[in-house]
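Structure file work_30.csv with CSV, C-alpha atoms:
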```
chain,number,residue,atom,x,y,z
A,1,GLY,CA,120.2,179.1,35.8
A,2,ALA,CA,118.3,177.5,38.7
A,3,VAL,CA,119.6,174.0,38.2
A,4,VAL,CA,119.0,171.3,40.8
A,5,SER,CA,120.7,167.9,40.6
A,6,GLN,CA,119.9,164.7,42.4
A,7,HIS,CA,122.1,161.7,42.9
A,8,PRO,CA,121.7,158.9,42.2
A,9,SER,CA,119.1,159.0,39.4
A,10,TRP,CA,118.1,155.5,40.2
A,11,VAL,CA,119.0,152.9,42.9
A,12,ILE,CA,118.0,149.3,43.7
A,13,CYS,CA,118.5,148.1,47.2
A,14,LYS,CA,117.6,145.1,49.3
A,15,SER,CA,115.0,145.2,51.9
A,16,GLY,CA,116.3,146.3,55.3
A,17,THR,CA,119.2,148.4,54.0
A,18,SER,CA,119.4,152.2,54.0
A,19,VAL,CA,119.7,154.5,51.0
A,20,LYS,CA,120.9,158.1,50.8
A,21,ILE,CA,119.7,160.5,48.1
A,22,GLU,CA,121.5,163.8,47.6
A,23,CYS,CA,119.9,167.0,46.3
A,24,ARG,CA,122.1,169.9,45.2
A,25,SER,CA,121.4,173.4,44.0
A,26,LEU,CA,124.1,174.0,41.4
A,27,ASP,CA,124.0,177.7,40.7
A,28,PHE,CA,122.2,179.2,43.6
A,29,GLN,CA,122.0,179.0,47.3
A,30,ALA,CA,119.0,177.3,48.9
A,31,THR,CA,118.0,178.0,52.4
A,32,THR,CA,115.0,175.8,52.0
A,33,MET,CA,114.6,172.5,50.2
A,34,PHE,CA,111.7,170.2,49.9
A,35,TRP,CA,111.4,166.5,49.5
A,36,TYR,CA,108.5,164.9,47.6
A,37,ARG,CA,107.4,161.5,46.8
A,38,GLN,CA,105.5,160.5,43.6
A,39,PHE,CA,103.8,157.2,42.8
A,40,PRO,CA,103.1,156.3,39.1
A,41,LYS,CA,100.5,158.5,37.5
A,42,GLN,CA,99.9,160.4,40.7
A,43,SER,CA,100.7,163.9,41.9
A,44,LEU,CA,103.6,165.0,44.1
A,45,MET,CA,103.2,164.4,47.8
A,46,LEU,CA,105.3,166.7,50.0
A,47,MET,CA,107.2,164.7,52.6
A,48,ALA,CA,109.2,167.3,54.4
A,49,THR,CA,110.6,170.8,54.4
A,50,SER,CA,114.4,171.1,54.9
A,51,ASN,CA,115.9,174.3,56.3
A,52,GLU,CA,119.6,174.8,56.3
A,53,GLY,CA,121.1,174.4,59.8
A,54,SER,CA,117.9,173.3,61.4
A,55,LYS,CA,115.7,170.3,61.8
A,56,ALA,CA,113.4,169.3,59.0
A,57,THR,CA,109.7,169.7,59.3
A,58,TYR,CA,107.7,166.6,58.3
A,59,GLU,CA,104.3,166.4,56.9
A,60,GLN,CA,101.6,164.5,58.8
A,61,GLY,CA,101.9,160.8,58.3
A,62,VAL,CA,105.6,160.8,57.3
A,63,GLU,CA,107.9,159.0,59.7
A,64,LYS,CA,110.8,161.2,60.6
A,65,ASP,CA,112.8,158.3,61.9
A,66,LYS,CA,112.5,156.4,58.7
A,67,PHE,CA,113.1,159.3,56.3
A,68,LEU,CA,116.1,161.2,57.7
A,69,ILE,CA,116.8,164.6,56.3
A,70,ASN,CA,120.0,166.6,56.6
A,71,HIS,CA,120.4,170.1,55.2
A,72,ALA,CA,124.0,170.8,56.2
A,73,SER,CA,124.8,173.5,53.7
A,74,LEU,CA,123.1,176.1,51.5
A,75,THR,CA,123.5,173.8,48.4
A,76,LEU,CA,123.0,170.3,49.7
A,77,SER,CA,120.2,168.4,51.3
A,78,THR,CA,120.1,164.6,51.8
A,79,LEU,CA,117.3,162.2,52.3
A,80,THR,CA,118.1,158.8,53.9
A,81,VAL,CA,115.5,156.1,53.6
A,82,THR,CA,116.3,153.8,56.6
A,83,SER,CA,115.5,150.1,56.8
A,84,ALA,CA,113.9,150.3,53.4
A,85,HIS,CA,111.0,148.0,52.5
A,86,PRO,CA,109.3,147.3,49.1
A,87,GLU,CA,106.5,149.8,49.9
A,88,ASP,CA,109.2,152.5,50.0
A,89,SER,CA,109.8,152.0,46.3
A,90,SER,CA,108.9,155.3,44.6
A,91,PHE,CA,110.1,158.3,42.7
A,92,TYR,CA,111.7,160.8,45.1
A,93,ILE,CA,112.0,164.4,44.0
A,94,CYS,CA,113.6,167.3,45.7
A,95,SER,CA,113.1,171.0,45.0
A,96,ALA,CA,115.0,174.0,46.2
A,97,ARG,CA,114.1,177.6,46.7
A,98,ASP,CA,116.6,180.3,45.8
A,99,SER,CA,117.5,182.1,49.0
A,100,SER,CA,117.1,185.4,47.2
A,101,GLY,CA,113.5,184.6,46.2
A,102,ILE,CA,110.3,184.0,48.2
A,103,TYR,CA,108.2,181.6,46.2
A,104,GLU,CA,109.9,179.9,43.2
A,105,GLN,CA,110.8,176.2,43.7
A,106,TYR,CA,113.1,174.5,41.2
A,107,PHE,CA,112.9,170.7,41.0
A,108,GLY,CA,115.6,168.1,40.6
A,109,PRO,CA,115.3,165.3,38.0
A,110,GLY,CA,114.2,162.7,40.6
A,111,THR,CA,115.5,159.5,42.0
A,112,ARG,CA,113.8,156.2,41.3
A,113,LEU,CA,114.1,153.9,44.3
A,114,THR,CA,113.4,150.2,44.0
A,115,VAL,CA,113.5,148.0,47.1
A,116,THR,CA,113.7,144.3,46.5
B,1,GLY,CA,95.3,173.4,54.5
B,2,GLU,CA,95.2,174.4,50.8
B,3,ASN,CA,93.3,172.1,48.4
B,4,VAL,CA,94.0,172.4,44.7
B,5,GLU,CA,91.6,170.9,42.1
B,6,GLN,CA,92.7,170.4,38.5
B,7,HIS,CA,90.5,169.7,35.5
B,8,PRO,CA,90.3,168.0,33.1
B,9,SER,CA,92.5,165.0,34.0
B,10,THR,CA,93.3,164.2,30.3
B,11,LEU,CA,93.2,166.5,27.3
B,12,SER,CA,93.8,165.7,23.7
B,13,VAL,CA,94.3,168.4,21.1
B,14,GLN,CA,95.2,168.6,17.5
B,15,GLU,CA,98.6,170.1,16.8
B,16,GLY,CA,98.2,173.8,16.3
B,17,ASP,CA,95.1,174.1,18.4
B,18,SER,CA,95.0,175.7,21.9
B,19,ALA,CA,94.9,173.8,25.2
B,20,VAL,CA,93.4,175.2,28.4
B,21,ILE,CA,93.8,173.6,31.9
B,22,LYS,CA,91.9,175.0,34.8
B,23,CYS,CA,92.6,174.8,38.5
B,24,THR,CA,90.8,176.0,41.6
B,25,TYR,CA,92.1,176.5,45.1
B,26,SER,CA,90.5,176.8,48.5
B,27,ASP,CA,92.7,179.1,50.6
B,28,SER,CA,92.1,182.7,49.9
B,29,ALA,CA,95.5,183.5,51.5
B,30,SER,CA,97.3,181.7,48.7
B,31,ASN,CA,99.4,184.2,46.8
B,32,TYR,CA,101.6,182.3,44.3
B,33,PHE,CA,100.5,180.0,41.5
B,34,PRO,CA,103.1,178.1,39.5
B,35,TRP,CA,102.6,175.6,36.6
B,36,TYR,CA,104.9,172.7,36.1
B,37,LYS,CA,105.5,170.5,33.1
B,38,GLN,CA,106.6,166.9,33.8
B,39,GLU,CA,107.8,164.5,31.2
B,40,LEU,CA,107.9,160.8,31.8
B,41,GLY,CA,110.6,159.8,34.3
B,42,LYS,CA,111.8,163.4,34.9
B,43,GLY,CA,111.3,166.0,37.5
B,44,PRO,CA,108.8,168.8,37.1
B,45,GLN,CA,109.9,171.9,35.2
B,46,LEU,CA,108.6,175.4,36.1
B,47,ILE,CA,107.1,176.8,32.9
B,48,ILE,CA,105.2,179.9,34.2
B,49,ASP,CA,104.0,181.3,37.4
B,50,ILE,CA,101.8,184.2,38.6
B,51,ARG,CA,101.5,186.1,41.8
B,52,SER,CA,98.2,187.2,43.4
B,53,ASN,CA,98.7,190.9,42.6
B,54,VAL,CA,98.6,190.1,38.8
B,55,GLY,CA,95.7,188.9,36.7
B,56,GLU,CA,97.5,187.6,33.7
B,57,LYS,CA,101.0,186.7,32.6
B,58,LYS,CA,102.3,185.6,29.2
B,59,ASP,CA,105.5,184.0,27.9
B,60,GLN,CA,105.5,183.2,24.2
B,61,ARG,CA,102.9,180.5,23.6
B,62,ILE,CA,102.1,180.0,27.3
B,63,ALA,CA,99.9,182.2,29.4
B,64,VAL,CA,98.3,182.0,32.9
B,65,THR,CA,95.3,183.9,34.1
B,66,LEU,CA,94.2,184.3,37.7
B,67,ASN,CA,90.8,185.1,39.1
B,68,LYS,CA,91.2,185.7,42.9
B,69,THR,CA,87.6,186.3,43.5
B,70,ALA,CA,86.6,183.0,42.1
B,71,LYS,CA,89.8,181.4,43.3
B,72,HIS,CA,90.7,179.8,40.0
B,73,PHE,CA,93.6,180.1,37.6
B,74,SER,CA,94.2,178.6,34.2
B,75,LEU,CA,97.0,177.7,31.9
B,76,HIS,CA,96.7,178.5,28.2
B,77,ILE,CA,98.9,176.9,25.5
B,78,THR,CA,98.5,178.2,22.0
B,79,GLU,CA,99.7,176.7,18.8
B,80,THR,CA,100.4,173.4,20.5
B,81,GLN,CA,103.2,171.2,19.3
B,82,PRO,CA,104.0,167.5,19.8
B,83,GLU,CA,106.7,168.4,22.3
B,84,ASP,CA,104.0,170.0,24.5
B,85,SER,CA,102.7,166.5,25.3
B,86,ALA,CA,103.4,166.0,29.0
B,87,VAL,CA,101.7,166.0,32.4
B,88,TYR,CA,101.0,169.5,33.7
B,89,PHE,CA,100.6,170.3,37.4
B,90,CYS,CA,99.2,173.4,38.9
B,91,ALA,CA,100.1,174.4,42.4
B,92,ALA,CA,99.3,177.1,45.0
B,93,SER,CA,101.7,178.4,47.6
B,94,TYR,CA,100.4,179.8,50.8
B,95,SER,CA,102.3,182.2,53.0
B,96,GLY,CA,103.6,181.0,56.3
B,97,GLY,CA,105.0,177.5,56.8
B,98,ASN,CA,107.9,178.0,54.3
B,99,ASN,CA,105.5,178.8,51.5
B,100,ARG,CA,104.9,175.1,50.7
B,101,LEU,CA,103.2,174.2,47.5
B,102,ALA,CA,100.0,172.3,47.3
B,103,PHE,CA,99.7,170.5,43.9
B,104,GLY,CA,96.8,169.5,41.8
B,105,LYS,CA,96.5,166.0,40.6
B,106,GLY,CA,97.9,166.7,37.1
B,107,ASN,CA,96.7,166.8,33.6
B,108,GLN,CA,97.9,164.6,30.8
B,109,VAL,CA,98.0,166.7,27.6
B,110,VAL,CA,98.4,164.8,24.4
B,111,VAL,CA,99.1,166.7,21.2
B,112,ILE,CA,98.0,164.8,18.1
B,113,PRO,CA,100.2,165.5,15.1
```

The structure in this file should be written as structure tokens.
Amino acid sequence: GAVVSQHPSWVICKSGTSVKIECRSLDFQATTMFWYRQFPKQSLMLMATSNEGSKATYEQGVEKDKFLINHASLTLSTLTVTSAHPEDSSFYICSARDSSGIYEQYFGPGTRLTVT
Amino acid sequence: GENVEQHPSTLSVQEGDSAVIKCTYSDSASNYFPWYKQELGKGPQLIIDIRSNVGEKKDQRIAVTLNKTAKHFSLHITETQPEDSAVYFCAASYSGGNNRLAFGKGNQVVVIP
């Protein structure tokens, strides 16, 4: 149980284009999902909190117009990196909290984004 | 906000020995402390967690202890095996604000066969 998937697992895009990453909770409903970014050999940095049916809450320093988040259903949240640049290249990971729980977060396998 | 410190950054142990990773947190209101294992190129996997109303929790070879007074918690792995080699992250969740997680910097554990 508590499986979270991400799609795609890796993507290469050209500078200036946009990329959408999907995060799905497969066997539970998730009112809240989180998006993280991780650079090599570093910890996870929370980018934003996504709540179903409402606007995402972004952490300080994260551009909401660049990283668009949509949480349209209880099992799906999407992150769109708009006008991507090489510095956006990173490992993006989502997590989901079971709606029946309070604390536990289950992570997806991550998406490796490379912007050329 | 919450600040989580994790030590040591790297730990090498002989197969069969025990490994201990320690974390400290700053916000006394934090009430949930999970540990995640991350293998190269993969997402973090929840391996054990503890809530603030419990002092110790054990699951087979893995245990976590919590000292609320000192604001620190530790991960204990006994009888280490090569497949335990990974990066381990501790985190603290604070009430309010969707119970976000603040992560430590991670600990690279290497189990030497």

- Message: I'd like the interatomic distance between CA of Asp49 (chain B) and CA of Asp17 (chain B), to a tenth of an Å.
- Response: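 Computing it gives 22.2 Å between the two atoms.
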
Quick one: everything within 9 Å of Glu39 (chain B), counting only C-alpha atoms, minus sequence neighbours fewer than 2 positions away in the same chain. Send it as a list in words.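 Near Glu39 (chain B), the qualifying residues are Lys37, Gly41, Lys42, Gly43, Pro44, Gln45, Ser85, Ala86, Val87 and Tyr88 of chain B.
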
Exercise for the section: Please identify every residue of chain A that has at least one atom no more than 12 Å from any atom of chain B, counting only C-alpha atoms, and report them as a PyMOL selection string. Expected result: chain A and resi 2-6+9-10+31-51+56-60+90-97+99+101-112

Between CA of Val11 (chain A) and CA of Thr114 (chain A) lies a distance of 6.3 Å

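With all atoms listed in the file as the basis for measurement, B:Gln81 is the residue among B:Ser74, B:Ala92, B:Gln81, B:Ala63 that approaches Gln14 (chain B) most closely.
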
**Message:** What does the structure give for the distance between CA of Ile62 (chain B) and CA of Ser100 (chain A), in Å to one decimal?
**Reply:**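 CA of Ser100 (chain A) lies at a distance of 25.5 Å from CA of Ile62 (chain B).
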
Non-local contacts of Glu22 (chain A) (8 Å; only C-alpha atoms; under 6 positions in same chain excluded) as an mmCIF file with C-alpha atoms, in the frame of the given file:
```cif
data_model
loop_
_atom_site.group_PDB
_atom_site.id
_atom_site.type_symbol
_atom_site.label_atom_id
_atom_site.label_comp_id
_atom_site.auth_asym_id
_atom_site.auth_seq_id
_atom_site.Cartn_x
_atom_site.Cartn_y
_atom_site.Cartn_z
ATOM 1 C CA GLN A 6 119.900 164.700 42.400
ATOM 2 C CA HIS A 7 122.100 161.700 42.900
ATOM 3 C CA PRO A 8 121.700 158.900 42.200
ATOM 4 C CA LEU A 76 123.000 170.300 49.700
ATOM 5 C CA SER A 77 120.200 168.400 51.300
ATOM 6 C CA THR A 78 120.100 164.600 51.800
ATOM 7 C CA LEU A 79 117.300 162.200 52.300
#
```

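Point (89.5, 179.2, 44.7) has the following residues at most 7 Å away: Thr24, Tyr25, Ser26, Asp27, Ser28, Lys68, Ala70, Lys71 and His72 of chain B (atoms considered: all atoms listed in the file).
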
Which residue is closest to Val64 (chain B)? Choose from B:Ser52, B:Glu79, B:Trp35, B:Thr10 and count only C-alpha atoms.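 Of B:Ser52, B:Glu79, B:Trp35, B:Thr10, the one nearest Val64 (chain B) is B:Trp35, counting only C-alpha atoms.
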
Incomplete region 44-64 of chain A brought to N, CA, C and O atoms, written out as a PDB file, in the frame of the given file:
```pdb
ATOM      1  N   LEU A  44     102.491 164.955  43.143  1.00  0.00           N
ATOM      2  CA  LEU A  44     103.600 165.000  44.100  1.00  0.00           C
ATOM      3  C   LEU A  44     103.073 165.154  45.502  1.00  0.00           C
ATOM      4  O   LEU A  44     102.190 165.966  45.770  1.00  0.00           O
ATOM      5  N   MET A  45     103.626 164.361  46.391  1.00  0.00           N
ATOM      6  CA  MET A  45     103.200 164.400  47.800  1.00  0.00           C
ATOM      7  C   MET A  45     104.403 164.961  48.592  1.00  0.00           C
ATOM      8  O   MET A  45     105.481 164.373  48.610  1.00  0.00           O
ATOM      9  N   LEU A  46     104.197 166.094  49.240  1.00  0.00           N
ATOM     10  CA  LEU A  46     105.300 166.700  50.000  1.00  0.00           C
ATOM     11  C   LEU A  46     105.520 165.828  51.262  1.00  0.00           C
ATOM     12  O   LEU A  46     104.610 165.496  52.005  1.00  0.00           O
ATOM     13  N   MET A  47     106.784 165.473  51.458  1.00  0.00           N
ATOM     14  CA  MET A  47     107.200 164.700  52.600  1.00  0.00           C
ATOM     15  C   MET A  47     107.672 165.566  53.749  1.00  0.00           C
ATOM     16  O   MET A  47     107.307 165.391  54.912  1.00  0.00           O
ATOM     17  N   ALA A  48     108.558 166.498  53.398  1.00  0.00           N
ATOM     18  CA  ALA A  48     109.200 167.300  54.400  1.00  0.00           C
ATOM     19  C   ALA A  48     109.810 168.549  53.847  1.00  0.00           C
ATOM     20  O   ALA A  48     110.117 168.612  52.654  1.00  0.00           O
ATOM     21  N   THR A  49     109.969 169.527  54.710  1.00  0.00           N
ATOM     22  CA  THR A  49     110.600 170.800  54.400  1.00  0.00           C
ATOM     23  C   THR A  49     111.957 170.809  55.111  1.00  0.00           C
ATOM     24  O   THR A  49     112.005 170.591  56.336  1.00  0.00           O
ATOM     25  N   SER A  50     113.011 171.089  54.377  1.00  0.00           N
ATOM     26  CA  SER A  50     114.400 171.100  54.900  1.00  0.00           C
ATOM     27  C   SER A  50     114.926 172.481  54.958  1.00  0.00           C
ATOM     28  O   SER A  50     114.980 173.135  53.920  1.00  0.00           O
ATOM     29  N   ASN A  51     115.300 172.934  56.126  1.00  0.00           N
ATOM     30  CA  ASN A  51     115.900 174.300  56.300  1.00  0.00           C
ATOM     31  C   ASN A  51     117.349 174.130  56.686  1.00  0.00           C
ATOM     32  O   ASN A  51     117.668 173.370  57.613  1.00  0.00           O
ATOM     33  N   GLU A  52     118.203 174.867  56.022  1.00  0.00           N
ATOM     34  CA  GLU A  52     119.600 174.800  56.300  1.00  0.00           C
ATOM     35  C   GLU A  52     119.921 175.107  57.747  1.00  0.00           C
ATOM     36  O   GLU A  52     119.451 176.119  58.286  1.00  0.00           O
ATOM     37  N   GLY A  53     120.635 174.198  58.385  1.00  0.00           N
ATOM     38  CA  GLY A  53     121.100 174.400  59.800  1.00  0.00           C
ATOM     39  C   GLY A  53     120.048 174.117  60.827  1.00  0.00           C
ATOM     40  O   GLY A  53     120.307 174.345  62.016  1.00  0.00           O
ATOM     41  N   SER A  54     118.881 173.628  60.435  1.00  0.00           N
ATOM     42  CA  SER A  54     117.900 173.300  61.400  1.00  0.00           C
ATOM     43  C   SER A  54     117.197 171.989  61.115  1.00  0.00           C
ATOM     44  O   SER A  54     117.416 171.427  60.040  1.00  0.00           O
ATOM     45  N   LYS A  55     116.366 171.527  62.031  1.00  0.00           N
ATOM     46  CA  LYS A  55     115.700 170.300  61.800  1.00  0.00           C
ATOM     47  C   LYS A  55     114.618 170.392  60.735  1.00  0.00           C
ATOM     48  O   LYS A  55     113.979 171.437  60.586  1.00  0.00           O
ATOM     49  N   ALA A  56     114.414 169.299  60.023  1.00  0.00           N
ATOM     50  CA  ALA A  56     113.400 169.300  59.000  1.00  0.00           C
ATOM     51  C   ALA A  56     112.004 169.267  59.599  1.00  0.00           C
ATOM     52  O   ALA A  56     111.803 168.783  60.722  1.00  0.00           O
ATOM     53  N   THR A  57     111.054 169.785  58.848  1.00  0.00           N
ATOM     54  CA  THR A  57     109.700 169.700  59.300  1.00  0.00           C
ATOM     55  C   THR A  57     108.942 168.701  58.405  1.00  0.00           C
ATOM     56  O   THR A  57     108.923 168.830  57.175  1.00  0.00           O
ATOM     57  N   TYR A  58     108.372 167.707  59.044  1.00  0.00           N
ATOM     58  CA  TYR A  58     107.700 166.600  58.300  1.00  0.00           C
ATOM     59  C   TYR A  58     106.240 166.802  58.199  1.00  0.00           C
ATOM     60  O   TYR A  58     105.590 167.318  59.113  1.00  0.00           O
ATOM     61  N   GLU A  59     105.695 166.365  57.066  1.00  0.00           N
ATOM     62  CA  GLU A  59     104.300 166.400  56.900  1.00  0.00           C
ATOM     63  C   GLU A  59     103.594 165.297  57.706  1.00  0.00           C
ATOM     64  O   GLU A  59     104.233 164.296  58.055  1.00  0.00           O
ATOM     65  N   GLN A  60     102.347 165.498  57.974  1.00  0.00           N
ATOM     66  CA  GLN A  60     101.600 164.500  58.800  1.00  0.00           C
ATOM     67  C   GLN A  60     101.626 163.165  58.086  1.00  0.00           C
ATOM     68  O   GLN A  60     101.391 163.064  56.876  1.00  0.00           O
ATOM     69  N   GLY A  61     101.928 162.147  58.858  1.00  0.00           N
ATOM     70  CA  GLY A  61     101.900 160.800  58.300  1.00  0.00           C
ATOM     71  C   GLY A  61     103.294 160.338  57.809  1.00  0.00           C
ATOM     72  O   GLY A  61     103.447 159.165  57.461  1.00  0.00           O
ATOM     73  N   VAL A  62     104.258 161.214  57.756  1.00  0.00           N
ATOM     74  CA  VAL A  62     105.600 160.800  57.300  1.00  0.00           C
ATOM     75  C   VAL A  62     106.476 160.550  58.511  1.00  0.00           C
ATOM     76  O   VAL A  62     106.610 161.391  59.405  1.00  0.00           O
ATOM     77  N   GLU A  63     107.062 159.363  58.544  1.00  0.00           N
ATOM     78  CA  GLU A  63     107.900 159.000  59.700  1.00  0.00           C
ATOM     79  C   GLU A  63     109.254 159.610  59.645  1.00  0.00           C
ATOM     80  O   GLU A  63     110.075 159.289  58.791  1.00  0.00           O
ATOM     81  N   LYS A  64     109.523 160.484  60.585  1.00  0.00           N
ATOM     82  CA  LYS A  64     110.800 161.200  60.600  1.00  0.00           C
ATOM     83  C   LYS A  64     111.979 160.284  60.875  1.00  0.00           C
ATOM     84  O   LYS A  64     113.101 160.558  60.446  1.00  0.00           O
TER      85      LYS A  64
END
```
